[in-house]
Amino acid sequence: MQKLSEAEYELATIIWQKQPIESGELAQICEKQMGWKRSTTYTLLKRMIEKEAAENTNTMVTMKLSKEEVDRENAEDLIQKSYQGSLPMFIAAYTKGRKLSEEEAAELKILIRRSEGR
């Protein structure tokens with residue numbers, strides 16, 4: 001998957017919430033919420049279709065990728081670029097200067113156990 005731009009991600013967020021959605025209605029929502037011209041919405045949608053992230057069949061727009069898939073890809077990209085692919089380095093940077101709540105620590109422990117197959 002090619003990474004979605006920030007504007008494409010904003011458009012995807014609307015599509016995930018409303019899908020399937022008619023392309024004209026999508027353009028109206030984007031104009032109202034973000035001040036985009038119809039042509040801007042259609043250009044971004046075309047790019048997303050070319051990236052195989054969305055589809056427009058008979059003017060009905062849907063996402064081909066789930067929000068979880070896109071978010072996971074974005075997180076992996078951030079960790080790769082900024083932390084040499086090291087999840088521990090990312091967590092250390094994120095938690096530096098702040099204390100984890102008991103709930104956050106418990107969630108992390110559960111995630112670690114799951115990834116180890118326990």
# chains A, B, ... in the order shown; residues from 1 in each chain; ligands from 1
call {"tool": "closest_atom_pairs", "arguments": {"of": "segment 55-81 of chain A", "to": "segment 37-51 of chain A", "cutoff": "10 Å", "atoms": "only C-alpha atoms", "output": "CSV"}}
result
residue,atom,partner,partner_atom,distance
A:Glu55,CA,A:Ile49,CA,5.4
A:Asn56,CA,A:Ile49,CA,7.6
A:Val61,CA,A:Leu45,CA,8.9
A:Thr62,CA,A:Ile49,CA,9.9
A:Met63,CA,A:Met48,CA,8.9
A:Lys64,CA,A:Ile49,CA,8.9
call {"tool": "select_by_dssp", "arguments": {"residues": "chain A", "states": "strand (DSSP E or B)", "output": "list in words"}}
result
Ile21, Glu22, Ala54, Glu55, Asn56, Thr57, Met60, Val61, Thr62 and Met63 of chain A
call {"tool": "write_last_selection", "arguments": {"atoms": "N, CA and C atoms", "output": "tab-separated table (two decimals), in the first residue's frame"}}
result
chain	number	residue	atom	x	y	z
A	21	ILE	N	-20.94	5.60	0.36
A	21	ILE	CA	-21.44	6.97	0.21
A	21	ILE	C	-21.36	7.38	-1.25
A	22	GLU	N	-22.37	8.07	-1.70
A	22	GLU	CA	-22.42	8.55	-3.07
A	22	GLU	C	-21.38	9.66	-3.22
A	54	ALA	N	-9.19	3.00	-2.03
A	54	ALA	CA	-10.64	3.23	-2.11
A	54	ALA	C	-11.13	2.78	-3.48
A	55	GLU	N	-12.45	2.71	-3.59
A	55	GLU	CA	-13.04	2.42	-4.90
A	55	GLU	C	-14.31	3.23	-5.07
A	56	ASN	N	-14.63	3.51	-6.33
A	56	ASN	CA	-15.81	4.27	-6.69
A	56	ASN	C	-16.51	3.49	-7.80
A	57	THR	N	-17.56	2.77	-7.42
A	57	THR	CA	-18.29	1.94	-8.36
A	57	THR	C	-19.69	2.50	-8.52
A	60	MET	N	-20.72	5.10	-6.11
A	60	MET	CA	-20.74	4.72	-4.69
A	60	MET	C	-19.30	4.49	-4.23
A	61	VAL	N	-18.89	5.24	-3.22
A	61	VAL	CA	-17.51	5.22	-2.75
A	61	VAL	C	-17.39	4.38	-1.48
A	62	THR	N	-16.39	3.52	-1.46
A	62	THR	CA	-16.06	2.73	-0.28
A	62	THR	C	-14.54	2.67	-0.14
A	63	MET	N	-14.10	2.39	1.06
A	63	MET	CA	-12.68	2.17	1.31
A	63	MET	C	-12.39	0.69	1.10
call {"tool": "select_by_dssp", "arguments": {"residues": "segment 7-60 of chain A", "states": "helix (DSSP H, G or I)", "output": "ChimeraX atom specification"}}
result
/A:7-18,23-34,38-50
call {"tool": "atom_distance", "arguments": {"atom1": "atom CA of Met34 of chain A", "atom2": "atom CA of Glu10 of chain A"}}
result
9.2 Å
call {"tool": "residues_around", "arguments": {"residues": "Asp77 of chain A", "least_positions_apart": "3", "cutoff": "12 Å", "atoms": "only C-alpha atoms", "output": "JSON, numbers by chain"}}
result
{"A": [1, 2, 3, 4, 70, 71, 72, 73, 74, 80, 81, 82, 83, 84, 85, 86, 87, 90]}
call {"tool": "closest_residue", "arguments": {"among": "A:Leu65, A:Ala105, A:Leu100, A:Leu111", "to": "Ile15 of chain A", "atoms": "only C-alpha atoms"}}
result
A:Leu65
call {"tool": "closest_residue", "arguments": {"among": "A:Ser66, A:Thr59, A:Ser101, A:Ser115", "to": "Tyr9 of chain A", "atoms": "only C-alpha atoms"}}
result
A:Ser66
call {"tool": "atom_distance", "arguments": {"atom1": "atom CA of Arg114 of chain A", "atom2": "atom CA of Trp16 of chain A"}}
result
28.0 Å
call {"tool": "closest_residue", "arguments": {"among": "A:Leu108, A:Glu103, A:Arg113, A:Glu25", "to": "Pro88 of chain A", "atoms": "only C-alpha atoms"}}
result
A:Leu108
call {"tool": "residues_around", "arguments": {"residues": "Ile14 of chain A", "least_positions_apart": "3", "cutoff": "9 Å", "atoms": "only C-alpha atoms", "output": "ChimeraX atom specification"}}
result
/A:9-11,17-19,26,29-30
call {"tool": "write_last_selection", "arguments": {"atoms": "N, CA, C and O atoms", "output": "mmCIF file, in the first residue's frame"}}
result
data_model
loop_
_atom_site.group_PDB
_atom_site.id
_atom_site.type_symbol
_atom_site.label_atom_id
_atom_site.label_comp_id
_atom_site.auth_asym_id
_atom_site.auth_seq_id
_atom_site.Cartn_x
_atom_site.Cartn_y
_atom_site.Cartn_z
ATOM 1 N N TYR A 9 -6.038 11.024 4.088
ATOM 2 C CA TYR A 9 -6.468 10.382 5.336
ATOM 3 C C TYR A 9 -7.733 11.063 5.867
ATOM 4 O O TYR A 9 -8.635 10.386 6.358
ATOM 5 N N GLU A 10 -7.805 12.386 5.760
ATOM 6 C CA GLU A 10 -9.019 13.098 6.183
ATOM 7 C C GLU A 10 -10.221 12.633 5.370
ATOM 8 O O GLU A 10 -11.303 12.404 5.919
ATOM 9 N N LEU A 11 -10.030 12.496 4.070
ATOM 10 C CA LEU A 11 -11.102 12.019 3.206
ATOM 11 C C LEU A 11 -11.473 10.585 3.563
ATOM 12 O O LEU A 11 -12.657 10.237 3.658
ATOM 13 N N GLN A 17 -16.606 6.506 7.940
ATOM 14 C CA GLN A 17 -17.778 6.798 8.769
ATOM 15 C C GLN A 17 -19.086 6.633 8.011
ATOM 16 O O GLN A 17 -20.100 6.267 8.599
ATOM 17 N N LYS A 18 -19.077 6.912 6.705
ATOM 18 C CA LYS A 18 -20.327 6.995 5.940
ATOM 19 C C LYS A 18 -20.515 5.908 4.890
ATOM 20 O O LYS A 18 -21.564 5.855 4.261
ATOM 21 N N GLN A 19 -19.520 5.068 4.665
ATOM 22 C CA GLN A 19 -19.574 4.148 3.527
ATOM 23 C C GLN A 19 -20.693 3.130 3.623
ATOM 24 O O GLN A 19 -21.040 2.728 4.726
ATOM 25 N N LEU A 26 -20.378 12.878 -0.806
ATOM 26 C CA LEU A 26 -19.043 12.966 -0.208
ATOM 27 C C LEU A 26 -18.441 14.349 -0.477
ATOM 28 O O LEU A 26 -17.892 14.986 0.421
ATOM 29 N N ILE A 29 -20.094 16.953 1.753
ATOM 30 C CA ILE A 29 -19.615 16.865 3.133
ATOM 31 C C ILE A 29 -18.229 17.498 3.253
ATOM 32 O O ILE A 29 -17.959 18.250 4.193
ATOM 33 N N CYS A 30 -17.360 17.209 2.299
ATOM 34 C CA CYS A 30 -16.003 17.767 2.326
ATOM 35 C C CYS A 30 -16.022 19.283 2.181
ATOM 36 O O CYS A 30 -15.221 19.982 2.810
#
call {"tool": "atom_distance", "arguments": {"atom1": "atom CA of Ala12 of chain A", "atom2": "atom CA of Ala53 of chain A"}}
result
8.7 Å
